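Dumped work22.pdb below, it's PDB, C-alpha atoms:
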ATOM      1  CA  MET A   1       1.600  19.158  20.829
ATOM      2  CA  LEU A   2       0.684  16.270  18.510
ATOM      3  CA  SER A   3      -1.559  18.488  16.393
ATOM      4  CA  GLU A   4       1.276  21.003  16.042
ATOM      5  CA  ILE A   5       3.700  18.276  14.908
ATOM      6  CA  LEU A   6       1.138  17.023  12.375
ATOM      7  CA  HIS A   7       0.537  20.553  11.139
ATOM      8  CA  ARG A   8       4.255  21.092  10.577
ATOM      9  CA  ALA A   9       4.580  17.722   8.859
ATOM     10  CA  VAL A  10       1.752  18.632   6.476
ATOM     11  CA  LEU A  11       3.344  21.999   5.706
ATOM     12  CA  LEU A  12       6.735  20.355   5.156
ATOM     13  CA  SER A  13       5.253  17.750   2.795
ATOM     14  CA  VAL A  14       3.487  20.478   0.813
ATOM     15  CA  GLU A  15       6.739  22.425   0.541
ATOM     16  CA  MET A  16       8.690  19.323  -0.523
ATOM     17  CA  VAL A  17       6.165  18.277  -3.147
ATOM     18  CA  ASP A  18       5.869  21.862  -4.352
ATOM     19  CA  ALA A  19       9.655  22.334  -4.505
ATOM     20  CA  LEU A  20      10.559  18.961  -6.007
ATOM     21  CA  GLY A  21       7.468  18.608  -8.176
ATOM     22  CA  TYR A  22       6.594  15.181  -9.519
ATOM     23  CA  GLY A  23      10.029  13.933  -8.466
ATOM     24  CA  GLY A  24       9.084  14.740  -4.888
ATOM     25  CA  VAL A  25       5.926  12.657  -5.202
ATOM     26  CA  VAL A  26       7.957   9.709  -6.518
ATOM     27  CA  LEU A  27      10.583  10.064  -3.783
ATOM     28  CA  LEU A  28       8.146  10.379  -0.874
ATOM     29  CA  MET A  29       5.899   7.564  -2.124
ATOM     30  CA  PHE A  30       8.999   5.411  -2.585
ATOM     31  CA  LEU A  31       9.775   5.959   1.094
ATOM     32  CA  GLU A  32       6.156   5.263   2.050
ATOM     33  CA  SER A  33       6.070   2.006   0.118
ATOM     34  CA  SER A  34       9.387   0.746   1.486
ATOM     35  CA  PHE A  35      10.090  -0.103   5.126
ATOM     36  CA  VAL A  36      10.497   3.601   6.024
ATOM     37  CA  PRO A  37       7.429   4.667   8.072
ATOM     38  CA  PHE A  38       6.493   7.737   6.031
ATOM     39  CA  PRO A  39       2.696   7.997   5.608
ATOM     40  CA  SER A  40       1.214   8.480   2.147
ATOM     41  CA  GLU A  41      -1.415  10.642   3.846
ATOM     42  CA  LEU A  42       1.248  13.359   3.991
ATOM     43  CA  VAL A  43       2.072  13.092   0.297
ATOM     44  CA  MET A  44      -0.794  12.493  -2.102
ATOM     45  CA  PRO A  45      -3.346  14.863  -0.513
ATOM     46  CA  GLN A  46      -0.761  17.602  -0.917
ATOM     47  CA  ALA A  47      -0.295  16.693  -4.569
ATOM     48  CA  GLY A  48      -4.078  16.865  -4.940
ATOM     49  CA  TYR A  49      -4.117  20.266  -3.288
ATOM     50  CA  LEU A  50      -1.405  21.557  -5.623
ATOM     51  CA  ALA A  51      -3.383  20.177  -8.570
ATOM     52  CA  SER A  52      -6.441  22.123  -7.398
ATOM     53  CA  GLN A  53      -4.279  25.256  -7.506
ATOM     54  CA  GLY A  54      -3.152  24.524 -11.055
ATOM     55  CA  ARG A  55       0.411  23.831  -9.940
ATOM     56  CA  MET A  56       0.289  20.148 -10.807
ATOM     57  CA  ASN A  57      -1.594  17.832 -13.126
ATOM     58  CA  ALA A  58      -3.695  15.479 -11.003
ATOM     59  CA  ALA A  59      -3.417  12.519 -13.399
ATOM     60  CA  ILE A  60       0.370  12.810 -13.651
ATOM     61  CA  ALA A  61       0.639  13.152  -9.868
ATOM     62  CA  VAL A  62      -1.298   9.891  -9.438
ATOM     63  CA  VAL A  63       0.937   8.127 -11.975
ATOM     64  CA  MET A  64       4.030   9.401 -10.156
ATOM     65  CA  GLY A  65       2.543   8.205  -6.866
ATOM     66  CA  VAL A  66       2.060   4.713  -8.295
ATOM     67  CA  LEU A  67       5.594   4.788  -9.716
ATOM     68  CA  GLY A  68       6.998   5.647  -6.283
ATOM     69  CA  SER A  69       4.923   2.860  -4.729
ATOM     70  CA  TRP A  70       6.264   0.393  -7.300
ATOM     71  CA  LEU A  71       9.866   1.367  -6.575
ATOM     72  CA  GLY A  72       9.443   1.027  -2.822
ATOM     73  CA  ALA A  73       7.620  -2.279  -3.227
ATOM     74  CA  LEU A  74      10.405  -3.592  -5.472
ATOM     75  CA  LEU A  75      12.994  -2.637  -2.846
ATOM     76  CA  ASN A  76      11.150  -4.690  -0.218
ATOM     77  CA  TYR A  77      10.598  -7.552  -2.674
ATOM     78  CA  TYR A  78      14.285  -7.902  -3.508
ATOM     79  CA  LEU A  79      15.303  -7.265   0.094
ATOM     80  CA  ALA A  80      13.207 -10.243   1.220
ATOM     81  CA  LEU A  81      14.493 -12.296  -1.705
ATOM     82  CA  ARG A  82      18.065 -11.510  -0.702
ATOM     83  CA  LEU A  83      17.682 -12.059   3.051
ATOM     84  CA  GLY A  84      15.620 -15.223   2.710
ATOM     85  CA  ARG A  85      13.382 -17.233   5.040
ATOM     86  CA  ALA A  86      16.119 -17.935   7.603
ATOM     87  CA  PHE A  87      16.493 -14.242   8.380
ATOM     88  CA  PHE A  88      12.773 -13.702   8.976
ATOM     89  CA  LEU A  89      12.437 -16.899  11.005
ATOM     90  CA  LYS A  90      15.281 -15.705  13.231
ATOM     91  CA  TYR A  91      14.565 -11.979  13.465
ATOM     92  CA  GLY A  92      10.881 -11.806  12.535
ATOM     93  CA  LYS A  93       9.836 -11.446  16.173
ATOM     94  CA  TYR A  94      11.609  -8.092  16.237
ATOM     95  CA  LEU A  95       9.585  -7.043  13.167
ATOM     96  CA  PHE A  96       6.252  -7.992  14.783
ATOM     97  CA  CYS A  97       6.209 -11.247  12.810
ATOM     98  CA  PRO A  98       7.111 -14.234  15.064
ATOM     99  CA  PRO A  99       7.667 -17.654  13.413
ATOM    100  CA  PRO A 100       4.050 -18.930  13.807
ATOM    101  CA  THR A 101       2.670 -15.753  12.194
ATOM    102  CA  PHE A 102       5.346 -15.864   9.516
ATOM    103  CA  ALA A 103       4.439 -19.472   8.666
ATOM    104  CA  LYS A 104       0.759 -18.569   8.236
ATOM    105  CA  VAL A 105       1.516 -15.513   6.105
ATOM    106  CA  GLU A 106       3.934 -17.467   3.930
ATOM    107  CA  ALA A 107       1.499 -20.358   3.426
ATOM    108  CA  PHE A 108      -1.295 -17.970   2.474
ATOM    109  CA  PHE A 109       0.937 -16.040   0.113
ATOM    110  CA  LEU A 110       2.196 -19.127  -1.694
ATOM    111  CA  ARG A 111      -1.405 -19.970  -2.592
ATOM    112  CA  HIS A 112      -3.049 -16.549  -2.780
ATOM    113  CA  GLY A 113      -0.300 -14.031  -3.535
ATOM    114  CA  GLU A 114      -2.300 -11.963  -6.024
ATOM    115  CA  ILE A 115      -5.283 -11.190  -3.794
ATOM    116  CA  GLY A 116      -2.917 -10.690  -0.830
ATOM    117  CA  THR A 117      -0.808  -8.157  -2.713
ATOM    118  CA  PHE A 118      -3.827  -6.219  -3.974
ATOM    119  CA  THR A 119      -5.740  -6.005  -0.692
ATOM    120  CA  GLY A 120      -2.548  -5.467   1.306
ATOM    121  CA  ARG A 121      -1.884  -2.224  -0.573
ATOM    122  CA  LEU A 122      -5.208  -0.891   0.730
ATOM    123  CA  VAL A 123      -4.640  -1.668   4.415
ATOM    124  CA  PRO A 124      -2.757   0.753   6.723
ATOM    125  CA  VAL A 125       0.658  -0.476   7.965
ATOM    126  CA  VAL A 126       0.275  -3.703   5.932
ATOM    127  CA  ARG A 127       0.889  -1.802   2.684
ATOM    128  CA  GLN A 128       4.469  -1.053   3.755
ATOM    129  CA  TYR A 129       5.325  -4.719   4.337
ATOM    130  CA  ILE A 130       3.155  -6.763   1.974
ATOM    131  CA  SER A 131       5.988  -6.924  -0.563
ATOM    132  CA  LEU A 132       8.194  -8.870   1.850
ATOM    133  CA  PRO A 133       6.208 -12.143   1.696
ATOM    134  CA  ALA A 134       5.846 -11.608  -2.051
ATOM    135  CA  GLY A 135       9.622 -11.597  -2.363
ATOM    136  CA  LEU A 136      10.017 -14.635  -0.124
ATOM    137  CA  ALA A 137       7.437 -16.522  -2.179
ATOM    138  CA  ARG A 138       9.189 -15.426  -5.406
ATOM    139  CA  MET A 139       5.891 -14.165  -6.737
ATOM    140  CA  ASN A 140       5.772 -13.763 -10.517
ATOM    141  CA  MET A 141       7.105 -10.265 -11.219
ATOM    142  CA  ARG A 142       4.434  -9.293 -13.760
ATOM    143  CA  ARG A 143       1.662 -10.330 -11.394
ATOM    144  CA  PHE A 144       3.408  -8.616  -8.499
ATOM    145  CA  LEU A 145       3.712  -5.321 -10.369
ATOM    146  CA  PHE A 146       0.151  -5.536 -11.703
ATOM    147  CA  PHE A 147      -1.551  -6.150  -8.360
ATOM    148  CA  THR A 148       0.759  -3.729  -6.531
ATOM    149  CA  GLY A 149      -0.050  -1.046  -9.101
ATOM    150  CA  LEU A 150      -3.770  -1.815  -8.924
ATOM    151  CA  GLY A 151      -3.945  -1.465  -5.146
ATOM    152  CA  SER A 152      -1.597   1.508  -5.007
ATOM    153  CA  GLY A 153      -3.448   3.199  -7.849
ATOM    154  CA  MET A 154      -6.719   3.038  -5.940
ATOM    155  CA  TRP A 155      -5.159   4.401  -2.759
ATOM    156  CA  VAL A 156      -3.167   7.277  -4.251
ATOM    157  CA  THR A 157      -6.148   8.308  -6.403
ATOM    158  CA  ILE A 158      -8.381   8.483  -3.326
ATOM    159  CA  LEU A 159      -5.787  10.504  -1.398
ATOM    160  CA  ALA A 160      -5.186  12.896  -4.296
ATOM    161  CA  ALA A 161      -8.947  13.414  -4.638
ATOM    162  CA  ILE A 162      -9.200  14.120  -0.902
ATOM    163  CA  GLY A 163      -6.491  16.759  -1.180
ATOM    164  CA  TYR A 164      -8.130  18.246  -4.264
ATOM    165  CA  VAL A 165     -11.434  18.652  -2.394
ATOM    166  CA  ALA A 166     -10.204  19.414   1.125
ATOM    167  CA  GLY A 167      -7.336  21.702   0.157
ATOM    168  CA  ARG A 168      -5.112  22.451   3.145
ATOM    169  CA  ASN A 169      -7.848  21.807   5.696
ATOM    170  CA  GLU A 170      -6.069  19.235   7.886
ATOM    171  CA  GLU A 171      -9.195  18.272   9.799
ATOM    172  CA  LEU A 172     -11.069  17.519   6.600
ATOM    173  CA  ILE A 173      -8.141  15.527   5.214
ATOM    174  CA  LYS A 174      -7.978  13.428   8.398
ATOM    175  CA  ARG A 175     -11.742  12.909   8.438
ATOM    176  CA  TYR A 176     -12.021  11.928   4.792
ATOM    177  CA  THR A 177      -8.975   9.656   5.081
ATOM    178  CA  ARG A 178     -10.456   7.863   8.096
ATOM    179  CA  GLU A 179     -13.775   7.411   6.322
ATOM    180  CA  TRP A 180     -12.171   6.042   3.168
ATOM    181  CA  THR A 181      -9.931   3.741   5.208
ATOM    182  CA  VAL A 182     -13.007   2.202   6.833
ATOM    183  CA  TRP A 183     -14.679   1.749   3.438
ATOM    184  CA  LEU A 184     -11.550   0.161   1.985
ATOM    185  CA  LEU A 185     -11.198  -2.219   4.928
ATOM    186  CA  LEU A 186     -14.825  -3.231   4.437
ATOM    187  CA  PHE A 187     -14.197  -3.680   0.711
ATOM    188  CA  CYS A 188     -11.127  -5.850   1.391
ATOM    189  CA  GLY A 189     -13.050  -7.958   3.912
ATOM    190  CA  ILE A 190     -15.878  -8.605   1.458
ATOM    191  CA  LEU A 191     -13.448  -9.298  -1.377
ATOM    192  CA  LEU A 192     -11.408 -11.763   0.685
ATOM    193  CA  ALA A 193     -14.542 -13.492   1.993
ATOM    194  CA  GLY A 194     -15.848 -13.878  -1.567
ATOM    195  CA  TYR A 195     -12.458 -15.118  -2.754
ATOM    196  CA  ILE A 196     -12.214 -17.722   0.011
ATOM    197  CA  TRP A 197     -15.802 -18.885  -0.595
ATOM    198  CA  LEU A 198     -15.188 -19.224  -4.332
ATOM    199  CA  ASN A 199     -11.999 -21.221  -3.784
ATOM    200  CA  ARG A 200     -13.713 -23.568  -1.344
ATOM    201  CA  LYS A 201     -16.604 -24.031  -3.765
ATOM    202  CA  ARG A 202     -14.214 -24.904  -6.581
ATOM    203  CA  SER A 203     -12.408 -27.352  -4.328
ATOM    204  CA  CYS A 204     -15.668 -29.025  -3.347
ATOM    205  CA  ASP A 205     -16.771 -29.197  -7.001
ATOM    206  CA  LYS A 206     -13.465 -30.874  -7.955
ATOM    207  CA  GLN A 207     -13.847 -33.415  -5.153
ATOM    208  CA  SER A 208     -17.424 -34.142  -6.218
ATOM    209  CA  ALA A 209     -16.364 -34.581  -9.837
ATOM    210  CA  ALA A 210     -13.558 -36.953  -8.793
ATOM    211  CA  VAL A 211     -16.032 -39.115  -6.897
TER     212      VAL A 211
END

Please express what this file holds, its structure, as structure tokens.
Amino acid sequence: MLSEILHRAVLLSVEMVDALGYGGVVLLMFLESSFVPFPSELVMPQAGYLASQGRMNAAIAVVMGVLGSWLGALLNYYLALRLGRAFFLKYGKYLFCPPPTFAKVEAFFLRHGEIGTFTGRLVPVVRQYISLPAGLARMNMRRFLFFTGLGSGMWVTILAAIGYVAGRNEELIKRYTREWTVWLLLFCGILLAGYIWLNRKRSCDKQSAAV
């Protein structure tokens, strides 16, 4: 039953991207990047497949995917900015973010928003919501767009390449996506560990210099 639903969803996404063209990529990636739970795994691989058939340009499809991600991220950013901290402190528990978790995320983001935005775009589920703390922290817009685009660019490029290679083979798409997700999680873990170590080292060096 689940495999049949997934198969139909893949076919529908192919038809939508094929019918709407690059606009469809922008629209669906906008939904994926906002709070709407629409997986990018049903969008960019299909664009890659269409590119392999000569019905799309792969580079343009990737750019449109990043554009859609930007638009969805901006929606979440300004939504959080508009609603404010009080809303998330009151209703965050219904969004799987109770006050203690919210406080930790906010504190981290105020100090490390850039690395959080970049790595968050590469992590499943997190990528849909990482723009919310960015908006609450009033992250610099240029930095927000740069690191959002950097993370999204990596992800949509990988997905488009998977679709280009795997075609309409759903099993291959799922397998390659799982493998790349593991590699990206490992990459994010190493990057964050290195970032934290470097920041602690700098802090220790400053304290030593002050003494």

Interatomic distance, atom CA of Ser152 of chain A to atom CA of Trp70 of chain A (Å, one decimal): 8.3 Å

For Phe118 of chain A: contacts at 7 Å, all atoms listed in the file, fewer than 5 positions along chain excluded, given as a list in words: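 Everything that qualifies: Phe147, Thr148, Leu150 and Gly151 of chain A.
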
Distance query segment 193-195 of chain A at most 12 Å, all atoms listed in the file, self and fewer than 4 positions along chain excluded, as a list in words: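 The residues that qualify are His112, Glu114, Ile115, Gly116, Thr119, Leu186, Phe187, Cys188, Gly189, Asn199, Arg200, Lys201 and Arg202 of chain A.
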
Residue contacts of Leu75 of chain A (12 Å, only C-alpha atoms) excluding same-chain residues fewer than 2 positions away, as a PyMOL selection string: chain A and resi 30-36+68-73+77-82+128-132+134-135

Interatomic distance (Å, one decimal) between atom CA of Leu83 of chain A and atom CA of Leu145 of chain A: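 Pair atom CA of Leu83 of chain A / atom CA of Leu145 of chain A returns 20.5 Å.
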
Closest-contact table, segment 88-158 of chain A side, partner segment 51-58 of chain A, 12 Å, counting all atoms listed in the file, as JSON lines:
{"residue": "A:Val156", "atom": "CA", "partner": "A:Ala58", "partner_atom": "CA", "distance": 10.6}
{"residue": "A:Thr157", "atom": "CA", "partner": "A:Ala58", "partner_atom": "CA", "distance": 8.9}
{"residue": "A:Ile158", "atom": "CA", "partner": "A:Ala58", "partner_atom": "CA", "distance": 11.4}

Counting only C-alpha atoms, the residue of A:Leu136, A:Glu170, A:Val26, A:Ile190 that sits nearest Tyr49 of chain A: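 Closest candidate: A:Glu170.
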
Residue nearest Met29 of chain A - candidates A:Arg111, A:Arg85, A:Arg127, A:Arg142, atoms counted: only C-alpha atoms: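 Distance minimum relative to Met29 of chain A lands on A:Arg127.
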
Point (-8.7, 19.5, -4.5), cut-off 7 Å, counting only C-alpha atoms, residues as number ranges by chain: A: 48-49, 51-52, 161-167

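In terms of minimum interatomic distance to Trp155 of chain A, A:Thr181 ranks closest within A:Ser203, A:Thr181, A:Asn169, A:Gln46, counting only C-alpha atoms.
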
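Remark: for Val25 of chain A, the closest of the candidate residues A:Ala160, A:Phe102, A:Lys90, A:Ile173 is A:Ala160 (distances computed over only C-alpha atoms).
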
Computed interatomic separation between atom CA of Pro99 of chain A and atom CA of Val126 of chain A (Å): 17.5 Å

Given only C-alpha atoms as the counted atoms, nearest of A:Leu185, A:Met64, A:Leu191, A:Met16 to Val123 of chain A: A:Leu185

Top pick for closest residue to Tyr22 of chain A, considering A:Gly120, A:Glu41, A:Ile60, A:Val66 and counting only C-alpha atoms: A:Ile60
